[in-house]
Each structure stands twice: as C-alpha cells, then as structure tokens.
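Engineer: Handing over input.pdb, PDB, C-alpha atoms.
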```pdb
MODEL        1
ATOM      1  CA  MET V  29      50.318 -23.983   4.907
ATOM      2  CA  ASP V  30      50.439 -20.493   6.310
ATOM      3  CA  GLY V  31      48.374 -17.893   4.528
ATOM      4  CA  TYR V  32      45.304 -20.063   3.964
ATOM      5  CA  ASN V  33      42.051 -18.757   5.366
ATOM      6  CA  PHE V  34      38.958 -20.859   5.726
ATOM      7  CA  THR V  35      35.865 -19.147   4.338
ATOM      8  CA  ASP V  36      33.067 -18.282   6.758
ATOM      9  CA  ARG V  37      30.905 -20.960   5.160
ATOM     10  CA  ASN V  38      33.679 -23.492   5.648
ATOM     11  CA  ARG V  39      34.153 -22.520   9.303
ATOM     12  CA  ARG V  40      30.410 -22.926   9.858
ATOM     13  CA  ALA V  41      30.557 -26.373   8.256
ATOM     14  CA  LEU V  42      33.377 -27.432  10.565
ATOM     15  CA  GLN V  43      31.358 -26.214  13.554
ATOM     16  CA  ALA V  44      28.295 -28.061  12.256
ATOM     17  CA  ALA V  45      30.412 -31.235  12.148
ATOM     18  CA  GLY V  46      30.385 -31.080  15.946
ATOM     19  CA  ASP V  47      26.591 -31.034  15.873
ATOM     20  CA  GLU V  48      26.596 -34.047  13.558
ATOM     21  CA  ALA V  49      28.914 -35.864  15.968
ATOM     22  CA  ALA V  50      26.621 -34.971  18.884
ATOM     23  CA  ALA V  51      23.582 -36.255  16.984
ATOM     24  CA  LEU V  52      25.380 -39.579  16.560
ATOM     25  CA  HIS V  53      26.487 -39.552  20.226
ATOM     26  CA  HIS V  54      30.154 -39.496  19.255
ATOM     27  CA  ASP V  55      32.785 -37.830  21.421
ATOM     28  CA  TYR V  56      35.008 -37.020  18.410
ATOM     29  CA  ILE V  57      34.689 -35.395  14.983
ATOM     30  CA  GLY V  58      35.555 -37.649  12.060
ATOM     31  CA  PRO V  59      35.483 -37.161   8.294
ATOM     32  CA  GLU V  60      31.980 -38.617   8.191
ATOM     33  CA  HIS V  61      30.750 -35.795  10.432
ATOM     34  CA  ILE V  62      32.351 -33.222   8.150
ATOM     35  CA  LEU V  63      30.686 -34.762   5.091
ATOM     36  CA  LEU V  64      27.307 -34.715   6.844
ATOM     37  CA  ALA V  65      27.870 -31.076   7.807
ATOM     38  CA  LEU V  66      28.777 -30.125   4.230
ATOM     39  CA  LEU V  67      25.511 -31.638   3.027
ATOM     40  CA  ARG V  68      23.551 -29.350   5.379
ATOM     41  CA  ASP V  69      24.278 -26.155   3.463
ATOM     42  CA  PRO V  70      22.411 -26.115   0.142
ATOM     43  CA  ASP V  71      24.223 -22.929  -0.920
ATOM     44  CA  SER V  72      27.767 -24.245  -0.494
ATOM     45  CA  ALA V  73      30.122 -24.960  -3.359
ATOM     46  CA  ALA V  74      30.448 -28.562  -2.144
ATOM     47  CA  VAL V  75      26.700 -29.127  -2.502
ATOM     48  CA  ALA V  76      26.701 -27.319  -5.853
ATOM     49  CA  VAL V  77      29.407 -29.675  -7.099
ATOM     50  CA  LEU V  78      27.606 -32.776  -5.835
ATOM     51  CA  THR V  79      24.369 -31.543  -7.374
ATOM     52  CA  ALA V  80      26.119 -30.855 -10.698
ATOM     53  CA  LEU V  81      27.336 -34.464 -10.566
ATOM     54  CA  ASP V  82      23.733 -35.648 -10.114
ATOM     55  CA  CYS V  83      24.382 -36.995  -6.630
ATOM     56  CA  ASP V  84      21.534 -37.986  -4.385
ATOM     57  CA  LEU V  85      22.464 -35.883  -1.332
ATOM     58  CA  GLY V  86      19.899 -37.624   0.854
ATOM     59  CA  GLY V  87      21.238 -40.965  -0.345
ATOM     60  CA  ILE V  88      24.781 -39.991   0.638
ATOM     61  CA  ARG V  89      23.543 -38.946   4.063
ATOM     62  CA  THR V  90      21.649 -42.229   4.447
ATOM     63  CA  LYS V  91      24.697 -44.275   3.389
ATOM     64  CA  VAL V  92      26.838 -42.552   6.022
ATOM     65  CA  HIS V  93      24.211 -43.236   8.688
ATOM     66  CA  ASP V  94      23.944 -46.873   7.551
ATOM     67  CA  ILE V  95      27.693 -47.378   8.010
ATOM     68  CA  VAL V  96      28.391 -45.305  11.115
ATOM     69  CA  ASN V  97      27.013 -46.740  14.318
ATOM     70  CA  PRO V  98      25.659 -44.368  16.952
ATOM     71  CA  GLY V  99      27.960 -43.990  19.932
ATOM     72  CA  THR V 100      27.254 -43.658  23.614
ATOM     73  CA  ALA V 101      28.643 -40.203  24.335
ATOM     74  CA  ALA V 102      26.210 -38.126  26.346
ATOM     75  CA  ALA V 103      28.015 -34.790  25.938
ATOM     76  CA  PRO V 104      25.706 -31.856  25.202
ATOM     77  CA  ALA V 105      25.518 -30.545  21.633
ATOM     78  CA  GLY V 106      27.733 -27.539  22.431
ATOM     79  CA  ALA V 107      30.554 -29.616  23.927
ATOM     80  CA  LEU V 108      33.917 -29.457  22.194
ATOM     81  CA  ARG V 109      34.975 -32.635  20.478
ATOM     82  CA  PRO V 110      38.462 -33.339  19.187
ATOM     83  CA  PHE V 111      39.233 -33.962  15.532
ATOM     84  CA  THR V 112      40.410 -37.482  14.717
ATOM     85  CA  SER V 113      43.764 -37.996  13.034
ATOM     86  CA  ARG V 114      41.871 -38.649   9.789
ATOM     87  CA  VAL V 115      40.217 -35.212  10.021
ATOM     88  CA  LYS V 116      43.606 -33.636  10.575
ATOM     89  CA  LYS V 117      44.781 -35.393   7.406
ATOM     90  CA  VAL V 118      41.619 -34.262   5.557
ATOM     91  CA  LEU V 119      42.302 -30.660   6.569
ATOM     92  CA  GLU V 120      45.904 -30.940   5.408
ATOM     93  CA  LEU V 121      44.727 -32.347   2.069
ATOM     94  CA  THR V 122      42.085 -29.604   1.925
ATOM     95  CA  MET V 123      44.733 -26.902   2.181
ATOM     96  CA  ILE V 124      46.795 -28.643  -0.495
ATOM     97  CA  ALA V 125      43.688 -28.643  -2.740
ATOM     98  CA  ALA V 126      43.316 -24.895  -2.155
ATOM     99  CA  ARG V 127      46.991 -24.352  -2.961
ATOM    100  CA  ASP V 128      46.714 -26.478  -6.117
ATOM    101  CA  ASP V 129      43.703 -24.365  -7.068
ATOM    102  CA  SER V 130      45.815 -21.207  -6.566
ATOM    103  CA  SER V 131      43.283 -20.044  -4.009
ATOM    104  CA  SER V 132      44.180 -18.041  -0.923
ATOM    105  CA  SER V 133      40.948 -19.077   0.805
ATOM    106  CA  VAL V 134      39.805 -22.580   1.606
ATOM    107  CA  GLY V 135      36.216 -23.281   0.593
ATOM    108  CA  THR V 136      33.879 -26.221   0.991
ATOM    109  CA  GLN V 137      34.859 -27.423  -2.482
ATOM    110  CA  HIS V 138      38.399 -27.902  -1.188
ATOM    111  CA  VAL V 139      37.104 -29.850   1.810
ATOM    112  CA  LEU V 140      35.229 -32.132  -0.578
ATOM    113  CA  VAL V 141      38.510 -32.810  -2.403
ATOM    114  CA  GLY V 142      40.289 -33.348   0.936
ATOM    115  CA  LEU V 143      37.635 -35.863   1.996
ATOM    116  CA  LEU V 144      38.084 -37.788  -1.238
ATOM    117  CA  ARG V 145      41.880 -37.796  -0.989
ATOM    118  CA  GLU V 146      41.763 -39.286   2.524
ATOM    119  CA  GLU V 147      40.740 -42.553   0.924
ATOM    120  CA  LYS V 148      40.428 -44.691   4.050
ATOM    121  CA  SER V 149      37.584 -42.755   5.655
ATOM    122  CA  VAL V 150      33.896 -43.631   5.609
ATOM    123  CA  ALA V 151      33.266 -40.261   3.943
ATOM    124  CA  ALA V 152      35.591 -41.080   1.040
ATOM    125  CA  GLN V 153      34.159 -44.569   0.656
ATOM    126  CA  VAL V 154      30.594 -43.251   0.514
ATOM    127  CA  LEU V 155      31.535 -40.559  -2.000
ATOM    128  CA  VAL V 156      33.487 -42.956  -4.225
ATOM    129  CA  ASN V 157      30.678 -45.541  -4.059
ATOM    130  CA  SER V 158      28.350 -42.737  -5.155
ATOM    131  CA  GLY V 159      30.468 -42.205  -8.268
ATOM    132  CA  ILE V 160      32.370 -39.149  -7.041
ATOM    133  CA  SER V 161      36.080 -38.722  -7.733
ATOM    134  CA  VAL V 162      38.582 -35.909  -7.352
ATOM    135  CA  GLY V 163      38.655 -35.558 -11.135
ATOM    136  CA  ALA V 164      34.872 -35.307 -11.341
ATOM    137  CA  VAL V 165      34.816 -32.682  -8.583
ATOM    138  CA  THR V 166      37.542 -30.663 -10.266
ATOM    139  CA  ALA V 167      35.742 -30.785 -13.618
ATOM    140  CA  ALA V 168      32.406 -29.840 -12.022
ATOM    141  CA  LEU V 169      33.924 -26.782 -10.341
ATOM    142  CA  ASP V 170      34.110 -24.953 -13.657
ATOM    143  CA  GLY V 171      31.320 -22.418 -13.636
ATOM    144  CA  ILE V 172      30.222 -23.009 -10.036
ATOM    145  CA  ARG V 173      30.118 -20.084  -7.616
ATOM    146  CA  LEU V 174      32.819 -20.850  -5.106
ATOM    147  CA  ASP V 175      32.658 -20.076  -1.421
TER     148      ASP V 175
ENDMDL
END
```
Could you render the structure from this file as structure tokens?
Structural biologist:
Amino acid sequence: MDGYNFTDRNRRALQAAGDEAAALHHDYIGPEHILLALLRDPDSAAVAVLTALDCDLGGIRTKVHDIVNPGTAAAPAGALRPFTSRVKKVLELTMIAARDDSSSSVGTQHVLVGLLREEKSVAAQVLVNSGISVGAVTAALDGIRLD
C-alpha cells in the first residue's frame, strides 16, 4: 500500500480517536473510537456523506455510546493508545478503498468505507443498523467535496 497519503483531516480524525478512547476510559483505540472521531468534524467528507444519506449523526454517536461500555483506564487524554487489530484491518481496508477510488490520498470517506467493510466491529454494526452500506456511501460520494 505504499504511496498512499492520509489527508490532514484524516490524520486529525485518527488523533481525535485517541481523545474519544480517553473519554471512554479505554486504553486502546478501536473502530468505534474512529467512527466517533469522524463524526466530530462537520466539514469532513465522511460527515457530508452521512448527511447526504439523511443519517442522524447524534443518533449514531448515541448508539455507539449505548453499546460500548466505559472502561477503567486512567491514562491522561494525551497518552498514546495502541490500535486494536480491528483498527489495523480497518486501515488496510481504507487504503484499498482509496486504491479502488483511484485516489493517491486517503480521505475520511475512505475510512468510512473501511469501517463498513470491517463488518464485525461495533462501528460497522451501528452504521449498518442506521441504513448505511458501502454501496450507499459510494453513490453518495458523487458531487461531495472530498478531503
């Protein structure tokens, strides 16, 4: 997957996933933290896609919080947390989505596709239960400013 660069917005989202993990007192970063971080940026392509699909962003956030139990980690917000194996798979699928899109940069829209393709995660389950699919995301991307 050499040659793929994450956009600045995407890098910020991945950093914000650590803040989401800290807020939930988790000592790891999982796909659910990445989804929560994506929802934070109203100007991202991922949010634009979800909005175009008439998703209730607050409802998605609430569903994630309803499923994911707070942990007990007391690490400060700036502490480094490792990615879970599911996140590593999401990132691999994200880069494949960028390649399939003939894009040399990896945007938040590609992360959204990667989250959906890693079907066993809480993030994917929440998105699918909200009526989101890879096909719907791909169709909604037409005409959306990509990041």
Engineer: Please write as a list in words the full residue list that the PyMOL selection byres ((chain V and resi 156) around 12) yields on this file.
Structural biologist: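 Answer for the PyMOL selection byres ((chain V and resi 156) around 12): Leu78, Cys83, Ile88, Lys91, Leu140, Val141, Leu143, Leu144, Arg145, Glu146, Glu147, Lys148, Ser149, Val150, Ala151, Ala152, Gln153, Val154, Leu155, Asn157, Ser158, Gly159, Ile160, Ser161, Val162, Gly163, Ala164 and Val165 of chain V.
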Engineer: Only C-alpha atoms, please: the residues just picked out, written as a compact mmCIF listing (two decimals), keeping the file's coordinate frame.
Structural biologist:
```txt
# COMPACT_ATOMS: atom_id res chain seq x y z
CA LEU V 78 27.61 -32.78 -5.84
CA CYS V 83 24.38 -36.99 -6.63
CA ILE V 88 24.78 -39.99 0.64
CA LYS V 91 24.70 -44.28 3.39
CA LEU V 140 35.23 -32.13 -0.58
CA VAL V 141 38.51 -32.81 -2.40
CA LEU V 143 37.64 -35.86 2.00
CA LEU V 144 38.08 -37.79 -1.24
CA ARG V 145 41.88 -37.80 -0.99
CA GLU V 146 41.76 -39.29 2.52
CA GLU V 147 40.74 -42.55 0.92
CA LYS V 148 40.43 -44.69 4.05
CA SER V 149 37.58 -42.76 5.66
CA VAL V 150 33.90 -43.63 5.61
CA ALA V 151 33.27 -40.26 3.94
CA ALA V 152 35.59 -41.08 1.04
CA GLN V 153 34.16 -44.57 0.66
CA VAL V 154 30.59 -43.25 0.51
CA LEU V 155 31.54 -40.56 -2.00
CA ASN V 157 30.68 -45.54 -4.06
CA SER V 158 28.35 -42.74 -5.16
CA GLY V 159 30.47 -42.20 -8.27
CA ILE V 160 32.37 -39.15 -7.04
CA SER V 161 36.08 -38.72 -7.73
CA VAL V 162 38.58 -35.91 -7.35
CA GLY V 163 38.66 -35.56 -11.14
CA ALA V 164 34.87 -35.31 -11.34
CA VAL V 165 34.82 -32.68 -8.58
```
Engineer: CA of Glu48 in chain V and CA of Ala74 in chain V are how many Å apart?
Structural biologist: 17.1 Å
Engineer: So what does the PyMOL selection byres ((chain V and resi 65) around 10) actually pick up in this one, as a VMD selection string?
Structural biologist: chain V and resid 38 40 to 49 59 to 64 66 to 69 89
Engineer: Expand the PyMOL selection byres ((chain V and resi 72) around 8) into the explicit residue set it covers here, and present it as an NGL selection string.
Structural biologist: :V and (37 or 66 or 69-71 or 73-76 or 136 or 174-175)
Engineer: Measure the distance from CA of Leu108 in chain V to CA of Arg127 in chain V in Å and round it to one decimal.
Structural biologist: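 Going from CA of Leu108 in chain V over to CA of Arg127 in chain V, I get 28.8 Å.
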